[in-house]
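Heads up, structure_29.cif below (mmCIF, C-alpha atoms):
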```
data_final
loop_
_atom_site.label_atom_id
_atom_site.label_comp_id
_atom_site.auth_asym_id
_atom_site.auth_seq_id
_atom_site.Cartn_x
_atom_site.Cartn_y
_atom_site.Cartn_z
CA MET A 1 0.00 0.00 0.00
CA ALA A 2 1.60 3.28 -1.04
CA PHE A 3 0.91 6.91 -0.36
CA ILE A 4 1.61 9.79 -2.69
CA ALA A 5 4.99 9.27 -4.32
CA THR A 6 5.50 12.73 -5.74
CA THR A 7 3.84 16.02 -6.51
CA PHE A 8 0.59 17.01 -8.10
CA THR A 9 1.60 18.88 -11.24
CA ALA A 10 -0.34 21.74 -12.70
CA SER A 11 -1.80 22.93 -15.95
CA LEU A 12 0.67 25.41 -17.37
CA ALA A 13 3.13 24.95 -20.25
CA GLY A 14 6.69 23.67 -20.02
CA GLY A 15 8.62 20.71 -18.59
CA LEU A 16 7.83 18.28 -15.79
CA MET A 17 8.75 20.82 -13.09
CA THR A 18 9.17 24.06 -15.04
CA ASN A 19 6.67 26.53 -16.49
CA THR A 20 7.47 28.57 -19.60
CA ASN A 21 4.29 30.61 -20.10
CA TYR A 22 4.27 33.78 -18.03
CA HIS A 23 3.57 36.57 -20.50
CA ILE A 24 0.44 36.52 -22.69
CA ALA A 25 2.70 36.83 -25.75
CA PHE A 26 3.55 33.15 -25.18
CA ASP A 27 -0.12 32.15 -25.09
CA ARG A 28 -0.74 33.78 -28.46
CA MET A 29 2.54 32.84 -30.23
CA MET A 30 4.32 30.08 -28.23
CA ALA A 31 7.86 30.61 -29.60
CA ARG A 32 9.22 33.72 -27.84
CA GLY A 33 12.89 32.83 -27.50
CA ALA A 34 13.97 35.58 -29.93
CA SER A 35 11.81 38.33 -28.46
CA PHE A 36 13.02 41.89 -27.87
CA ASP A 37 9.76 42.89 -26.14
CA ILE A 38 9.18 43.09 -22.39
CA ASP A 39 8.52 39.31 -22.16
CA ALA A 40 12.21 38.83 -23.02
CA ALA A 41 12.90 39.47 -19.32
CA TYR A 42 12.20 35.72 -19.07
CA SER A 43 12.46 34.25 -22.57
CA ASN A 44 15.50 36.16 -23.93
CA PRO A 45 17.13 38.54 -21.42
CA ALA A 46 20.06 39.23 -23.75
CA GLY A 47 17.60 40.39 -26.42
CA LEU A 48 16.58 43.39 -24.32
CA ALA A 49 19.74 45.10 -25.62
CA TRP A 50 17.60 45.84 -28.71
CA GLY A 51 14.45 46.57 -26.74
CA TYR A 52 12.66 49.76 -25.79
CA GLU A 53 14.89 52.61 -24.60
CA GLY A 54 13.60 53.50 -21.16
CA PHE A 55 11.38 51.82 -18.58
CA GLN A 56 8.74 49.13 -19.31
CA LEU A 57 6.24 47.34 -17.11
CA SER A 58 3.92 44.43 -17.92
CA ILE A 59 1.13 42.90 -15.84
CA ASN A 60 -0.31 39.52 -16.95
CA PHE A 61 -3.10 37.26 -15.76
CA GLN A 62 -3.86 33.70 -16.92
CA LYS A 63 -6.58 31.22 -16.07
CA PRO A 64 -5.88 27.49 -16.68
CA TRP A 65 -8.29 24.52 -16.58
CA GLN A 66 -7.31 20.88 -16.76
CA LEU A 67 -8.84 17.42 -16.38
CA ARG A 68 -6.59 14.52 -15.32
CA ASN A 69 -8.34 11.18 -15.63
CA ILE A 70 -7.24 7.62 -14.79
CA GLU A 71 -9.07 4.63 -16.21
CA HIS A 72 -8.24 1.40 -14.36
CA ASN A 73 -9.06 -1.92 -16.05
CA ASN A 74 -8.55 -5.29 -14.39
CA ASN A 75 -9.90 -8.40 -16.13
CA GLY A 76 -12.71 -6.43 -17.76
CA SER A 77 -13.65 -4.55 -14.60
CA CYS A 78 -13.20 -0.89 -15.55
CA ARG A 79 -13.46 2.23 -13.40
CA LEU A 80 -12.80 5.87 -14.27
CA TYR A 81 -11.20 8.15 -11.67
CA GLU A 82 -11.78 11.76 -12.60
CA GLY A 83 -9.42 14.46 -11.37
CA VAL A 84 -9.85 18.21 -11.76
CA ALA A 85 -6.69 20.34 -11.76
CA SER A 86 -7.28 24.03 -11.33
CA ALA A 87 -5.61 27.24 -10.32
CA PRO A 88 -6.94 30.68 -9.48
CA ILE A 89 -5.95 33.57 -11.70
CA VAL A 90 -2.18 33.18 -12.22
CA PRO A 91 -0.34 36.54 -12.29
CA ALA A 92 3.09 37.49 -13.63
CA LEU A 93 4.90 40.81 -13.49
CA PHE A 94 7.70 42.01 -15.81
CA ALA A 95 9.85 45.13 -15.69
CA SER A 96 12.86 46.39 -17.64
CA TYR A 97 15.01 49.47 -18.02
CA LYS A 98 17.37 50.11 -20.96
CA LYS A 99 19.86 52.89 -21.50
CA ASP A 100 22.30 52.79 -24.40
CA ARG A 101 24.12 49.41 -24.28
CA PHE A 102 22.91 48.34 -20.83
CA ALA A 103 19.58 46.86 -19.68
CA ALA A 104 18.28 45.51 -16.39
CA SER A 105 15.10 43.44 -16.10
CA ALA A 106 13.05 41.48 -13.60
CA MET A 107 10.23 38.94 -13.61
CA ILE A 108 7.99 37.58 -10.85
CA GLY A 109 5.70 34.60 -11.47
CA ILE A 110 4.82 30.98 -10.76
CA VAL A 111 7.87 29.35 -12.34
CA GLY A 112 7.09 25.71 -11.54
CA SER A 113 3.79 23.84 -11.58
CA GLY A 114 1.14 26.06 -10.06
CA GLY A 115 -2.26 24.69 -9.13
CA PHE A 116 -4.47 22.22 -7.30
CA VAL A 117 -5.74 18.78 -8.23
CA LYS A 118 -8.52 16.81 -6.57
CA TYR A 119 -9.86 13.28 -7.00
CA ASP A 120 -13.24 13.08 -5.27
CA ASP A 121 -13.21 9.26 -5.38
CA GLY A 122 -9.53 8.77 -4.65
CA VAL A 123 -7.14 6.99 -7.00
CA PRO A 124 -6.44 3.32 -7.82
CA MET A 125 -3.14 3.20 -5.92
CA PHE A 126 -5.14 3.61 -2.68
CA ASN A 127 -8.53 2.06 -3.41
CA VAL A 128 -7.38 -1.01 -5.34
CA VAL A 129 -4.43 -1.77 -3.06
CA LEU A 130 -6.52 -1.46 0.11
CA GLY A 131 -9.12 -3.78 -1.41
CA GLY A 132 -6.37 -6.26 -2.27
CA MET A 133 -5.02 -6.26 1.28
CA LEU A 134 -8.46 -6.90 2.72
CA GLY A 135 -9.07 -9.57 0.11
CA GLN A 136 -6.01 -11.44 1.39
CA MET A 137 -7.79 -11.51 4.76
CA ASP A 138 -10.82 -13.14 3.05
CA ILE A 139 -12.94 -9.98 3.36
CA ALA A 140 -15.09 -9.68 0.24
CA THR A 141 -15.26 -6.29 -1.50
CA ASN A 142 -19.08 -6.30 -1.47
CA THR A 143 -19.15 -6.34 2.34
CA TYR A 144 -17.76 -2.83 2.88
CA GLN A 145 -17.52 0.62 1.30
CA ILE A 146 -14.48 2.63 0.28
CA ASN A 147 -14.56 6.30 1.30
CA SER A 148 -11.66 7.97 -0.48
CA GLU A 149 -10.47 11.43 -1.56
CA MET A 150 -7.11 12.78 -2.67
CA LYS A 151 -6.04 16.36 -3.29
CA GLY A 152 -2.82 18.27 -3.50
CA LYS A 153 -1.29 21.67 -4.23
CA GLN A 154 2.04 22.64 -5.72
CA TYR A 155 3.41 26.09 -6.47
CA ILE A 156 6.97 27.22 -7.15
CA TYR A 157 7.07 31.01 -6.96
CA GLY A 158 10.04 32.73 -8.58
CA GLY A 159 11.61 36.17 -8.67
CA GLN A 160 14.23 36.74 -11.40
CA LEU A 161 16.71 39.56 -11.99
CA ASN A 162 18.83 39.99 -15.17
CA PHE A 163 21.60 42.31 -16.34
CA THR A 164 22.19 42.73 -20.08
CA TYR A 165 25.06 44.31 -22.00
CA LYS A 166 25.50 44.85 -25.75
CA ILE A 167 29.09 43.74 -26.34
CA LEU A 168 29.08 44.49 -30.07
CA ASP A 169 26.54 46.12 -32.34
CA CYS A 170 25.39 42.59 -33.29
CA LEU A 171 26.05 40.67 -30.04
CA SER A 172 24.80 40.90 -26.46
CA ALA A 173 24.96 38.79 -23.30
CA ALA A 174 23.06 38.63 -20.03
CA VAL A 175 23.45 37.08 -16.61
CA GLY A 176 20.61 36.47 -14.22
CA PHE A 177 19.55 34.88 -10.98
CA ARG A 178 16.21 33.54 -9.79
CA ALA A 179 15.06 32.71 -6.26
CA ASN A 180 12.39 29.95 -6.15
CA TYR A 181 10.04 29.19 -3.26
CA TYR A 182 8.27 25.80 -3.18
CA ASP A 183 4.87 25.64 -1.47
CA GLY A 184 2.82 22.43 -1.54
CA TYR A 185 0.66 20.06 0.42
CA TYR A 186 -0.96 16.63 0.30
CA ARG A 187 -4.34 15.89 1.85
CA GLY A 188 -6.12 12.57 1.55
CA HIS A 189 -7.80 9.61 3.09
CA VAL A 190 -8.99 6.14 2.19
CA ILE A 191 -11.28 4.37 4.65
CA ALA A 192 -12.77 0.89 4.31
CA GLU A 193 -15.94 1.13 6.38
CA LYS A 194 -19.51 -0.05 7.04
CA HIS A 195 -18.71 -3.75 7.27
CA PRO A 196 -21.83 -5.36 8.86
CA MET A 197 -19.79 -7.20 11.51
CA LEU A 198 -16.52 -5.31 11.87
CA GLY A 199 -17.45 -1.70 11.17
CA THR A 200 -14.41 0.29 9.96
CA LEU A 201 -11.82 -2.14 8.57
CA ALA A 202 -8.87 0.16 7.79
CA THR A 203 -7.98 3.85 7.75
CA LEU A 204 -5.24 5.73 5.93
CA GLN A 205 -5.06 9.52 6.35
CA LEU A 206 -2.42 11.98 5.24
CA ASP A 207 -1.99 15.71 5.87
CA VAL A 208 1.47 17.04 4.97
CA ASP A 209 2.75 20.53 4.16
CA GLN A 210 6.03 21.12 2.30
CA ARG A 211 7.97 24.37 1.84
CA GLY A 212 11.51 25.15 0.73
CA TRP A 213 13.85 27.34 -1.36
CA GLY A 214 16.03 26.87 -4.44
CA TYR A 215 18.23 29.21 -6.50
CA THR A 216 18.90 29.37 -10.26
CA PRO A 217 21.80 31.03 -12.12
CA ILE A 218 20.89 32.00 -15.71
CA VAL A 219 23.04 33.04 -18.69
CA SER A 220 21.93 34.08 -22.18
CA ALA A 221 23.33 35.48 -25.43
CA ASN A 222 21.77 37.10 -28.49
CA PHE A 223 23.06 37.75 -32.02
CA HIS A 224 21.07 40.21 -34.12
CA LYS A 225 21.93 41.47 -37.59
CA GLY A 226 19.47 42.71 -40.17
CA PRO A 227 16.34 40.53 -40.16
CA LEU A 228 18.06 37.60 -38.37
CA THR A 229 18.13 36.90 -34.63
CA LEU A 230 19.88 33.95 -32.95
CA ALA A 231 19.33 33.53 -29.21
CA ALA A 232 20.33 31.04 -26.52
CA ARG A 233 19.52 30.83 -22.82
CA TYR A 234 20.69 28.35 -20.17
CA GLU A 235 19.22 27.86 -16.70
CA PHE A 236 21.32 25.79 -14.32
CA ARG A 237 19.74 23.01 -12.27
CA THR A 238 17.86 24.26 -9.22
CA LYS A 239 18.18 22.12 -6.11
CA ILE A 240 14.99 22.17 -4.02
CA ASN A 241 14.99 19.92 -0.93
CA VAL A 242 11.85 20.40 1.15
CA PRO A 243 11.10 19.00 4.64
CA ASN A 244 7.74 17.59 5.65
CA LYS A 245 5.58 19.32 8.21
CA THR A 246 3.34 16.33 8.94
CA ASN A 247 0.09 17.40 10.54
CA GLU A 248 -1.43 13.91 10.41
CA LEU A 249 -0.23 10.49 9.27
CA LYS A 250 -2.61 7.73 10.27
CA LYS A 251 -2.37 4.16 9.03
CA GLU A 252 -4.20 1.51 11.03
CA LEU A 253 -6.60 -1.38 10.96
CA GLY A 254 -10.04 -0.98 12.52
CA PRO A 255 -10.14 -2.03 16.18
CA GLN A 256 -12.57 -4.93 15.65
CA LEU A 257 -10.63 -6.31 12.67
CA ALA A 258 -7.36 -5.95 14.59
CA ALA A 259 -8.90 -7.85 17.52
CA VAL A 260 -10.05 -10.69 15.25
CA ILE A 261 -6.58 -10.98 13.66
CA ALA A 262 -4.87 -10.83 17.04
CA ALA A 263 -7.06 -13.66 18.32
CA SER A 264 -6.52 -15.89 15.28
CA ASN A 265 -2.86 -15.16 14.47
CA PRO A 266 -1.23 -12.44 16.59
CA THR A 267 2.07 -12.57 14.67
CA ILE A 268 0.41 -11.05 11.58
CA LEU A 269 -0.46 -7.68 13.15
CA PRO A 270 3.16 -6.47 13.53
CA VAL A 271 3.86 -7.55 9.94
CA ILE A 272 0.91 -5.52 8.63
CA GLN A 273 1.84 -2.45 10.70
CA ASN A 274 5.48 -2.67 9.61
CA ALA A 275 4.40 -2.79 5.97
CA LEU A 276 2.23 0.30 6.48
CA ASP A 277 5.07 2.12 8.24
CA GLN A 278 7.49 1.37 5.39
CA LYS A 279 5.09 2.61 2.73
CA THR A 280 4.45 5.89 4.55
CA ALA A 281 7.98 6.52 5.83
CA ALA A 282 8.59 9.28 3.26
CA TYR A 283 5.79 11.36 4.84
CA GLU A 284 6.97 11.31 8.43
CA ASN A 285 7.68 14.70 9.96
CA ASP A 286 10.94 16.40 8.89
CA VAL A 287 11.70 13.85 6.14
CA LYS A 288 12.98 15.75 3.09
CA THR A 289 11.88 15.32 -0.54
CA ARG A 290 13.67 16.56 -3.66
CA TYR A 291 11.75 18.62 -6.22
CA ASP A 292 14.61 19.93 -8.36
CA MET A 293 13.93 22.13 -11.36
CA PRO A 294 16.08 20.74 -14.19
CA ALA A 295 18.72 22.56 -16.19
CA LEU A 296 17.09 24.15 -19.25
CA LEU A 297 18.65 24.96 -22.61
CA SER A 298 16.63 27.18 -24.95
CA VAL A 299 17.79 28.11 -28.48
CA ALA A 300 15.78 30.17 -30.96
CA VAL A 301 15.99 31.57 -34.48
CA GLY A 302 13.91 34.63 -35.32
CA TYR A 303 13.47 36.20 -38.72
CA GLU A 304 11.68 39.36 -39.84
CA PHE A 305 10.39 38.70 -43.36
CA GLU A 306 8.91 42.15 -43.66
CA LYS A 307 8.70 44.99 -41.18
CA ASN A 308 5.27 43.71 -40.20
CA ILE A 309 5.81 39.89 -40.28
CA ARG A 310 8.02 38.00 -37.82
CA ALA A 311 8.51 34.27 -37.21
CA THR A 312 10.46 32.19 -34.68
CA LEU A 313 11.58 28.57 -34.41
CA GLU A 314 12.64 27.41 -30.96
CA TYR A 315 13.89 24.33 -29.09
CA HIS A 316 13.91 23.56 -25.36
CA PHE A 317 15.74 20.76 -23.59
CA PHE A 318 14.96 20.08 -19.92
CA ASP A 319 17.62 17.82 -18.37
CA ASP A 320 15.12 15.97 -16.17
CA LYS A 321 17.22 12.82 -15.82
CA ASN A 322 19.85 14.78 -13.88
CA ALA A 323 17.37 16.61 -11.65
CA LYS A 324 16.48 14.86 -8.41
CA MET A 325 12.82 13.89 -7.93
CA ALA A 326 10.98 12.16 -5.11
CA ASN A 327 12.08 8.51 -4.83
CA ASP A 328 14.59 9.10 -7.68
CA ARG A 329 11.81 8.91 -10.27
CA GLN A 330 14.03 10.72 -12.75
CA LYS A 331 15.95 7.46 -13.23
CA HIS A 332 12.88 5.92 -14.89
CA LEU A 333 12.68 8.55 -17.64
CA THR A 334 14.05 7.40 -21.00
CA HIS A 335 15.39 10.90 -21.75
CA GLY A 336 15.01 14.54 -20.78
CA THR A 337 12.13 16.64 -22.10
CA HIS A 338 12.30 17.86 -25.71
CA GLU A 339 10.11 20.77 -26.82
CA PHE A 340 9.82 22.13 -30.35
CA LEU A 341 8.07 25.47 -30.88
CA ALA A 342 7.14 27.63 -33.86
CA GLY A 343 5.30 30.95 -33.97
CA ILE A 344 4.45 33.78 -36.31
CA GLU A 345 2.99 37.24 -35.79
CA GLY A 346 2.00 40.05 -38.10
CA ASP A 347 1.02 43.68 -37.75
CA ILE A 348 -2.14 44.19 -39.78
CA ASN A 349 -1.99 47.95 -39.17
CA ASP A 350 -0.40 50.45 -36.76
CA ARG A 351 -2.56 49.24 -33.87
CA TRP A 352 -3.30 45.51 -34.28
CA THR A 353 -1.00 42.48 -34.18
CA LEU A 354 -2.24 38.91 -34.73
CA SER A 355 -0.22 35.81 -33.88
CA CYS A 356 -0.36 32.02 -33.56
CA GLY A 357 2.00 29.19 -32.67
CA VAL A 358 2.45 25.49 -31.96
CA GLN A 359 4.46 23.42 -29.50
CA ARG A 360 5.34 19.71 -29.30
CA THR A 361 6.39 18.27 -25.92
CA ASP A 362 8.07 14.85 -25.53
CA TYR A 363 8.82 13.86 -21.92
CA GLY A 364 10.57 10.47 -22.29
CA LEU A 365 7.99 8.67 -20.14
CA SER A 366 7.96 5.07 -18.93
CA ASP A 367 5.63 2.82 -16.93
CA ASP A 368 7.91 3.00 -13.90
CA TYR A 369 7.83 6.81 -13.99
CA GLN A 370 4.04 7.19 -14.24
CA GLN A 371 2.06 7.27 -10.99
CA ASN A 372 -1.58 7.88 -10.14
CA THR A 373 -0.85 11.09 -8.29
CA SER A 374 1.74 12.45 -10.70
CA PHE A 375 1.61 11.47 -14.34
CA ALA A 376 2.47 13.23 -17.57
CA CYS A 377 1.36 12.84 -21.18
CA ASP A 378 3.17 14.00 -24.32
CA SER A 379 1.29 16.77 -26.08
CA TYR A 380 0.79 19.21 -28.92
CA SER A 381 -0.20 22.77 -27.98
CA ILE A 382 -1.80 25.43 -30.16
CA GLY A 383 -1.92 29.11 -29.27
CA LEU A 384 -3.42 32.21 -30.85
CA GLY A 385 -4.31 35.74 -29.93
CA ALA A 386 -3.82 39.43 -30.56
CA ALA A 387 -2.18 42.59 -29.27
CA VAL A 388 -3.67 46.04 -29.68
CA LYS A 389 -2.10 49.44 -28.97
CA LEU A 390 -4.52 51.38 -26.82
CA THR A 391 -2.15 54.34 -26.90
CA GLU A 392 1.43 54.86 -28.04
CA LYS A 393 2.60 53.70 -24.58
CA ILE A 394 -0.02 51.08 -23.63
CA ARG A 395 -0.60 47.70 -25.35
CA LEU A 396 -3.20 45.09 -24.47
CA ASN A 397 -2.44 41.36 -25.06
CA ALA A 398 -5.04 38.60 -25.22
CA GLY A 399 -4.29 34.94 -25.86
CA TYR A 400 -5.58 31.38 -25.67
CA PHE A 401 -3.87 28.05 -25.95
CA CYS A 402 -4.92 24.44 -25.55
CA SER A 403 -2.91 21.25 -25.27
CA ILE A 404 -3.88 18.03 -27.05
CA TYR A 405 -2.45 15.12 -25.06
CA ASP A 406 -1.51 11.59 -26.10
CA ASP A 407 -3.13 9.02 -23.81
CA TYR A 408 -0.58 6.94 -21.90
CA ASN A 409 -1.32 3.22 -21.41
CA LYS A 410 0.45 1.56 -18.50
CA GLN A 411 0.74 -2.08 -17.48
CA CYS A 412 0.41 -2.37 -13.70
CA LEU A 413 2.51 -4.98 -11.90
CA SER A 414 1.92 -6.25 -8.37
CA THR A 415 5.64 -5.86 -7.65
CA ARG A 416 5.46 -2.18 -8.60
CA GLU A 417 1.97 -0.84 -7.82
CA GLY A 418 0.77 -3.56 -5.49
CA TYR A 419 -1.98 -4.55 -7.95
CA THR A 420 -2.35 -5.69 -11.55
CA GLY A 421 -4.32 -4.56 -14.61
CA THR A 422 -3.91 -1.68 -17.04
CA GLU A 423 -4.31 2.05 -16.57
CA THR A 424 -4.92 4.76 -19.14
CA TYR A 425 -3.85 8.29 -18.22
CA SER A 426 -5.47 11.16 -20.08
CA ARG A 427 -5.47 14.94 -19.78
CA THR A 428 -7.01 18.06 -21.26
CA ASN A 429 -5.74 21.61 -20.83
CA HIS A 430 -6.98 25.12 -21.70
CA VAL A 431 -5.50 28.51 -20.76
CA ILE A 432 -6.76 32.03 -21.45
CA GLY A 433 -4.79 35.14 -20.65
CA LEU A 434 -4.96 38.91 -20.61
CA GLY A 435 -2.14 41.38 -20.01
CA VAL A 436 -1.12 45.01 -20.35
CA ASP A 437 2.30 46.37 -21.37
CA PHE A 438 3.29 49.90 -20.35
CA LYS A 439 6.12 52.07 -21.68
CA PHE A 440 7.30 55.16 -19.83
#
```

Let me see whether you can do it: turn the structure in this file into structure tokens.
Amino acid sequence: MAFIATTFTASLAGGLMTNTNYHIAFDRMMARGASFDIDAAYSNPAGLAWGYEGFQLSINFQKPWQLRNIEHNNNGSCRLYEGVASAPIVPALFASYKKDRFAASAMIGIVGSGGFVKYDDGVPMFNVVLGGMLGQMDIATNTYQINSEMKGKQYIYGGQLNFTYKILDCLSAAVGFRANYYDGYYRGHVIAEKHPMLGTLATLQLDVDQRGWGYTPIVSANFHKGPLTLAARYEFRTKINVPNKTNELKKELGPQLAAVIAASNPTILPVIQNALDQKTAAYENDVKTRYDMPALLSVAVGYEFEKNIRATLEYHFFDDKNAKMANDRQKHLTHGTHEFLAGIEGDINDRWTLSCGVQRTDYGLSDDYQQNTSFACDSYSIGLGAAVKLTEKIRLNAGYFCSIYDDYNKQCLSTREGYTGTETYSRTNHVIGLGVDFKF
């Protein structure tokens, strides 16, 4: 019987632990790695050497929705566990100042995950395993009820500061630093109850808070000549090691069932309790869990075909296999995350800009990596939107993107999950955003 083995991930864009959509320009174009606009404070800090001369400020708000479903099938018996991942309005703030060959910029946002997920009927790793344990005690599943719920939260807040310098008329570089604050929790229970003779058979309850810090050095470079822009950015691995603040960790058999077992075979009770203790050891108070953000390499090529038409091709590599995860899950990935992005935008007149983009994300998943409470699915994302100049110094951005996920089919093994059968993981994701850019 196992409790949560890692985090509940959220519904923003990017790698397994890293978000990449902060500014609404990403929502409407996707590929922003060659940007010179205010969103370059995250996506291309070195590019701000060609940005607006003076001070800029940008305020952005996004609203994501996501469904995360698990279909468990065992010998034709099929059950769907529906999970809803949500987040309130997700804000991000950008600022930059440029004078001659020097620029300084900052960004504040939710840089990793960012949301809540809830399964009103629990998940198979609790319900099925508990039923299997009781079945080994010859307690039939139709003699009791399972009362189960799982929910979790995970946010990584980040504040980033960059310094940019134009080394040559065609070449610039930037260095930056980001402080990251992890804030998460797990809440859940699974109770086998209402047995006509024994009442409550077993109870598992978990209430754990986790908080911790991590720090990220960042370097970037930009080459710009004529219509061509080449940009690269590298974020070093961020070590995040968070301790548990365990408010409740309960794992026990019901008193009447325990009494029956003790009377029939008292040596079994310590074995059962030891097994429960081992499975929940990672959630004892003060035990630490790793939630590293992986090193990230971003390279982009931008080209201005006309003064009013711009396009970008971009590639991201997240080095997930060398970033520590809970229970060393990173070892089960077949490779780090590959992302391929393309976007185009055009100015239809002096006020309006339209844009669209696509993104392909390949995580390198495996059966041993996927878990009920934290699974990923490869995806295609499509974004579109517009920007409109309200005045010469104020621009409004609006964007929408959705992700189309590949279902992941997993073979469950009793040696791995504690039960057998197959599971199908599926997700849907939608994000809308609105933001305002100011120039002073």

**Output of the PyMOL selection byres ((chain A and resi 398) around 12), listed as a VMD selection string** = chain A and resid 23 to 29 60 to 63 352 to 356 383 to 389 395 to 397 399 to 401 431 to 437

**Message:** I'd like to know which of A:Thr267, A:Gln66, A:Ser381, A:Asn74 is closest to Thr420 (chain A), using all atoms listed in the file.
**Reply:**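 Ranking A:Thr267, A:Gln66, A:Ser381, A:Asn74 by distance to Thr420 (chain A), first place goes to A:Asn74.
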
**Message:** So, with all atoms listed in the file as the atoms that count, which of A:Asn244, A:Ser403, A:Asn327, A:Asn409 lies closest to Lys279 (chain A)?
**Reply:**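 Residue with the minimum atom-to-atom distance to Lys279 (chain A): A:Asn327.
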
Could you list, as a short mmCIF file (atom, residue, chain, number, x, y, z; two decimals) with C-alpha atoms, in the frame of the given file, every residue matched by the PyMOL selection byres ((chain A and resi 205-221) around 8) in this structure?
```
data_model
loop_
_atom_site.label_atom_id
_atom_site.label_comp_id
_atom_site.auth_asym_id
_atom_site.auth_seq_id
_atom_site.Cartn_x
_atom_site.Cartn_y
_atom_site.Cartn_z
CA ASN A 44 15.50 36.16 -23.93
CA PRO A 45 17.13 38.54 -21.42
CA ALA A 46 20.06 39.23 -23.75
CA GLY A 47 17.60 40.39 -26.42
CA LEU A 171 26.05 40.67 -30.04
CA SER A 172 24.80 40.90 -26.46
CA ALA A 173 24.96 38.79 -23.30
CA ALA A 174 23.06 38.63 -20.03
CA VAL A 175 23.45 37.08 -16.61
CA GLY A 176 20.61 36.47 -14.22
CA PHE A 177 19.55 34.88 -10.98
CA ARG A 178 16.21 33.54 -9.79
CA ALA A 179 15.06 32.71 -6.26
CA ASN A 180 12.39 29.95 -6.15
CA TYR A 181 10.04 29.19 -3.26
CA TYR A 182 8.27 25.80 -3.18
CA ASP A 183 4.87 25.64 -1.47
CA GLY A 184 2.82 22.43 -1.54
CA TYR A 185 0.66 20.06 0.42
CA TYR A 186 -0.96 16.63 0.30
CA ARG A 187 -4.34 15.89 1.85
CA GLY A 188 -6.12 12.57 1.55
CA HIS A 189 -7.80 9.61 3.09
CA VAL A 190 -8.99 6.14 2.19
CA THR A 203 -7.98 3.85 7.75
CA LEU A 204 -5.24 5.73 5.93
CA ASN A 222 21.77 37.10 -28.49
CA PHE A 223 23.06 37.75 -32.02
CA ALA A 231 19.33 33.53 -29.21
CA ALA A 232 20.33 31.04 -26.52
CA ARG A 233 19.52 30.83 -22.82
CA TYR A 234 20.69 28.35 -20.17
CA GLU A 235 19.22 27.86 -16.70
CA PHE A 236 21.32 25.79 -14.32
CA ARG A 237 19.74 23.01 -12.27
CA THR A 238 17.86 24.26 -9.22
CA LYS A 239 18.18 22.12 -6.11
CA ILE A 240 14.99 22.17 -4.02
CA ASN A 241 14.99 19.92 -0.93
CA VAL A 242 11.85 20.40 1.15
CA PRO A 243 11.10 19.00 4.64
CA ASN A 244 7.74 17.59 5.65
CA LYS A 245 5.58 19.32 8.21
CA THR A 246 3.34 16.33 8.94
CA ASN A 247 0.09 17.40 10.54
CA GLU A 248 -1.43 13.91 10.41
CA LEU A 249 -0.23 10.49 9.27
CA LYS A 250 -2.61 7.73 10.27
CA LYS A 251 -2.37 4.16 9.03
CA TYR A 283 5.79 11.36 4.84
#
```

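The coordinates place CA of Phe102 (chain A) at 21.1 Å from CA of Leu228 (chain A).
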
**Residues near region 137-146 of chain A, cut-off 8 Å, all atoms listed in the file, skip fewer than 3 positions along chain, as a PyMOL selection string** = chain A and resi 127+131+133-134+190-196

Write a file of the selected residues as a PDB file, in the coordinates of the input, keeping C-alpha atoms.
```pdb
ATOM      1  CA  ASN A 127      -8.530   2.060  -3.410  1.00  0.00           C
ATOM      2  CA  GLY A 131      -9.120  -3.780  -1.410  1.00  0.00           C
ATOM      3  CA  MET A 133      -5.020  -6.260   1.280  1.00  0.00           C
ATOM      4  CA  LEU A 134      -8.460  -6.900   2.720  1.00  0.00           C
ATOM      5  CA  VAL A 190      -8.990   6.140   2.190  1.00  0.00           C
ATOM      6  CA  ILE A 191     -11.280   4.370   4.650  1.00  0.00           C
ATOM      7  CA  ALA A 192     -12.770   0.890   4.310  1.00  0.00           C
ATOM      8  CA  GLU A 193     -15.940   1.130   6.380  1.00  0.00           C
ATOM      9  CA  LYS A 194     -19.510  -0.050   7.040  1.00  0.00           C
ATOM     10  CA  HIS A 195     -18.710  -3.750   7.270  1.00  0.00           C
ATOM     11  CA  PRO A 196     -21.830  -5.360   8.860  1.00  0.00           C
TER      12      PRO A 196
END
```

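With all atoms listed in the file as the basis for measurement, A:Asp292 is the residue among A:Glu306, A:Asp292, A:Glu345, A:Glu392 that approaches Arg329 (chain A) most closely.
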
**Asked** For this file, the PyMOL selection byres ((chain A and resi 318) around 10) selects which residues, as a PyMOL selection string?
**Response** chain A and resi 14-18+235+237+293-298+316-317+319-323+335-339+363

**Item:** Pick from A:Gln370, A:Ser148, A:Thr229, A:Gln56 nearest to Ala311 (chain A), counting all atoms listed in the file
**Value:** A:Thr229

**Request:** Up to 12 Å from (-9.9, -5.0, 16.5) in the file's coordinates: name the residues, counting all atoms listed in the file, as a list in words.
**Result:** Met197, Leu198, Gly199, Thr200, Leu201, Ala202, Glu252, Leu253, Gly254, Pro255, Gln256, Leu257, Ala258, Ala259, Val260, Ile261, Ala262, Ala263, Ser264, Pro266 and Leu269 of chain A

**Prompt:** What is the distance, in Å and to one decimal place, between CA of Pro124 (chain A) and CA of Tyr408 (chain A)?
**Reply:**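 So the two atoms, CA of Pro124 (chain A) and CA of Tyr408 (chain A), lie 15.7 Å apart.
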
**Asked** Counting all atoms listed in the file, what is within 8 Å of Val301 (chain A), bar same-chain residues fewer than 2 positions away, as a ChimeraX atom specification?
**Response** /A:33-34,228-231,299,303,312-314

**Item:** Between CA of Ile382 (chain A) and CA of Thr428 (chain A), distance in Å (one decimal)
**Value:**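 So the answer is 12.7 Å.
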